[in-house]
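These notes are about the structure you will find just below.
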2 protein chains.
Amino acid sequence: MNTATQASISTNDKINSDQAELEVRVVVFSLLANRLKVLLLPAGESAPDGWMLPVASLDPRQALESSAAACIERLTGLKEVFLEQLYTYGEAERQLNHRMISVVYFALIPAAAYSTQTQHAGLARWFPPEELPQAIMDHQEIIQYALRRLRYKLEYTAVGFELLPENFTLSELQHTYELILGEKLDKRNFRRRILEAGIIEGTADRRMGEGRPAQLYRYRPDAVAEVKARRLFP
Amino acid sequence: MNTATQASISTNDKINSDQAELEVRVVVFSLLANRLKVLLLPAGESAPDGWMLPVASLDPRQALESSAAACIERLTGLKEVFLEQLYTYGEAERQLNHRMISVVYFALIPAAAYSTQTQHAGLARWFPPEELPQAIMDHQEIIQYALRRLRYKLEYTAVGFELLPENFTLSELQHTYELILGEKLDKRNFRRRILEAGIIEGTADRRMGEGRPAQLYRYRPDAVAEVKARRLFP
DNA sequence: CCAAAAGTGTTCTATGTACACCCATGC
DNA sequence: GCATGGGTGTACATAGAACACTTTTGG
């Protein structure tokens, strides 16, 4: 449960010490304080070497993805989050003396969850991808790549809902999209299109706030969010 | 040079025999006899176990991608082909008794090249992805996934040129697209759009054939083939 | 009654799609 | 001169983008 111990688990994964080392790392995104953030752990004793992506303890009998999922559950308490393989980094220049192969996954956790769960993560901290601290190896680039992938997936996939609680207002959904894409969207067009797509459905509840109460919606997991690709050449 | 010996190299990569085994495999696509094909090797002695994706000899000091590139050069004689990481397969169920982790790359080689080079590949053979032979482990699924990825990349990327020789006619280019996408395209629309995109340029030469000679074009590597993604929600 | 956020349609523009005929060469 | 593939433009339909005011609640 404590991430300080978890950070040291990386030595577990050593397979042949001066040949190749295999590890599984995770890039965890969430929305916090109205910003998109990534979860990092201190790399050394309270981070004298900077910060790093959480590393999964790699049970030789366990699948790669399960290891990543288990790591995220330890960090956040959450099961069943959105989890996808990002890339396998295995360039020789990544580390001196021995080759380090990192299979990296990326995950999205819902906005509601971290507020209670972050405490459990001990030394873990959330950073906005635009203001990353010093990080070990190529972890900065990995995070930037994960962000590109997230933005990209958002364009042709219904992945935005993975960052929201079960019920949400259309404004909250729009803000999520705006935060990740880094641009303002038109309210009327946004609403029309997302409702026409049929991937969300209204609930009976409304959320009271400062102004007029807002209808709450829910994602329909049964809805197929079909990919409309615009071809470069038809 | 001979792929029979190369096939047996896979045992090289054993890192810890009953724990985890790491290998690099490649899915090589090309156009042959007016069809899209994949390169496979016999899995056992002249394929009693079926066929398999070529496996790279994995030098511990070499990067993953370089290993894949070296493998393709041995098989086809070609350097500098299109090469991209596909996925890392590491599910526990892939093989009994020990975990096999396969970092898989996919490659495209130009249509002109194989005609001379296939002979060098010894036991290697080309199969259309719709008529694959018996293959070991999950290699069939890997190939199907690679095909989806190729089709997908074709939609938002100028990757089609990687399967063509340096000079090509517009009809050849269109046929390439049709073969991979598996659908007919409109000639006039295709020409207009690809010329407007500015990613190819005409050459002085023409290709003589059965009918009217066709102008030869060349891919402009400097041209940025920008991704026009149609968002699911704006 | 005022502030604050929710909700709602229409017009214009750009992009995609469908479609049929003449042209240059080899035999 | 005919068969074969190369080359060309226009009209219609669909999708995207821009835009401003009314509604409902809490204080």
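Starting from 1 in every chain, residues are counted up; chains themselves are A, B, ... following the order of the structure tokens, and ligands are numbered from 1 as listed.
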
Non-local contacts of range 131-147 of chain A (9 Å; only C-alpha atoms (C1' of nucleotides); under 4 positions in same chain excluded) as a count of residues only: 23

Closest atom pairs, residues of chain C within 7 Å of chain A, only C-alpha atoms (C1' of nucleotides), as CSV:
```
residue,atom,partner,partner_atom,distance
C:DA4,C1',A:Gly211,CA,4.6
C:DA5,C1',A:Gly211,CA,4.5
C:DA6,C1',A:Arg212,CA,5.7
```

Picked from range 37-194 of chain A by DSSP as helix (DSSP H, G or I), as a ChimeraX atom specification: /A:64-76,92-94,111-121,139-156,159-163,170-181,187-194

DSSP strand (DSSP E or B) selection over chain B, as a PyMOL selection string: chain B and resi 14-16+20-32+35-42+51-52+55-56+82-89+99-108+125-127+135+167-169+200-207+214-219

Near-Val81 in chain A list (9 Å; only C-alpha atoms (C1' of nucleotides); drop same-chain fewer than 6 positions) as a list in words: Ala69, Ile72, Glu73, Ala107, Leu108, Ile109, Pro110 and Glu162 of chain A

Distance filter 12 Å, only C-alpha atoms (C1' of nucleotides), chain D against chain A, as a PDB file with C-alpha atoms (C1' of nucleotides), in the first residue's frame:
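Resulting contents of iface_18.pdb:
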```pdb
ATOM      1  C1'  DA D  15     -20.803  17.770 -42.157  1.00  0.00           C
ATOM      2  C1'  DG D  16     -18.595  21.402 -39.637  1.00  0.00           C
ATOM      3  C1'  DA D  17     -18.264  26.178 -37.751  1.00  0.00           C
ATOM      4  C1'  DA D  18     -19.906  30.454 -36.165  1.00  0.00           C
ATOM      5  C1'  DC D  19     -23.039  32.824 -33.537  1.00  0.00           C
ATOM      6  C1'  DA D  20     -26.746  35.294 -29.014  1.00  0.00           C
ATOM      7  C1'  DT D  23     -34.242  29.879 -18.515  1.00  0.00           C
ATOM      8  C1'  DT D  24     -33.761  28.357 -13.859  1.00  0.00           C
ATOM      9  C1'  DT D  25     -32.050  28.446  -9.584  1.00  0.00           C
ATOM     10  C1'  DG D  26     -29.682  30.687  -4.975  1.00  0.00           C
ATOM     11  C1'  DG D  27     -28.696  34.584  -2.438  1.00  0.00           C
TER      12       DG D  27
END
```
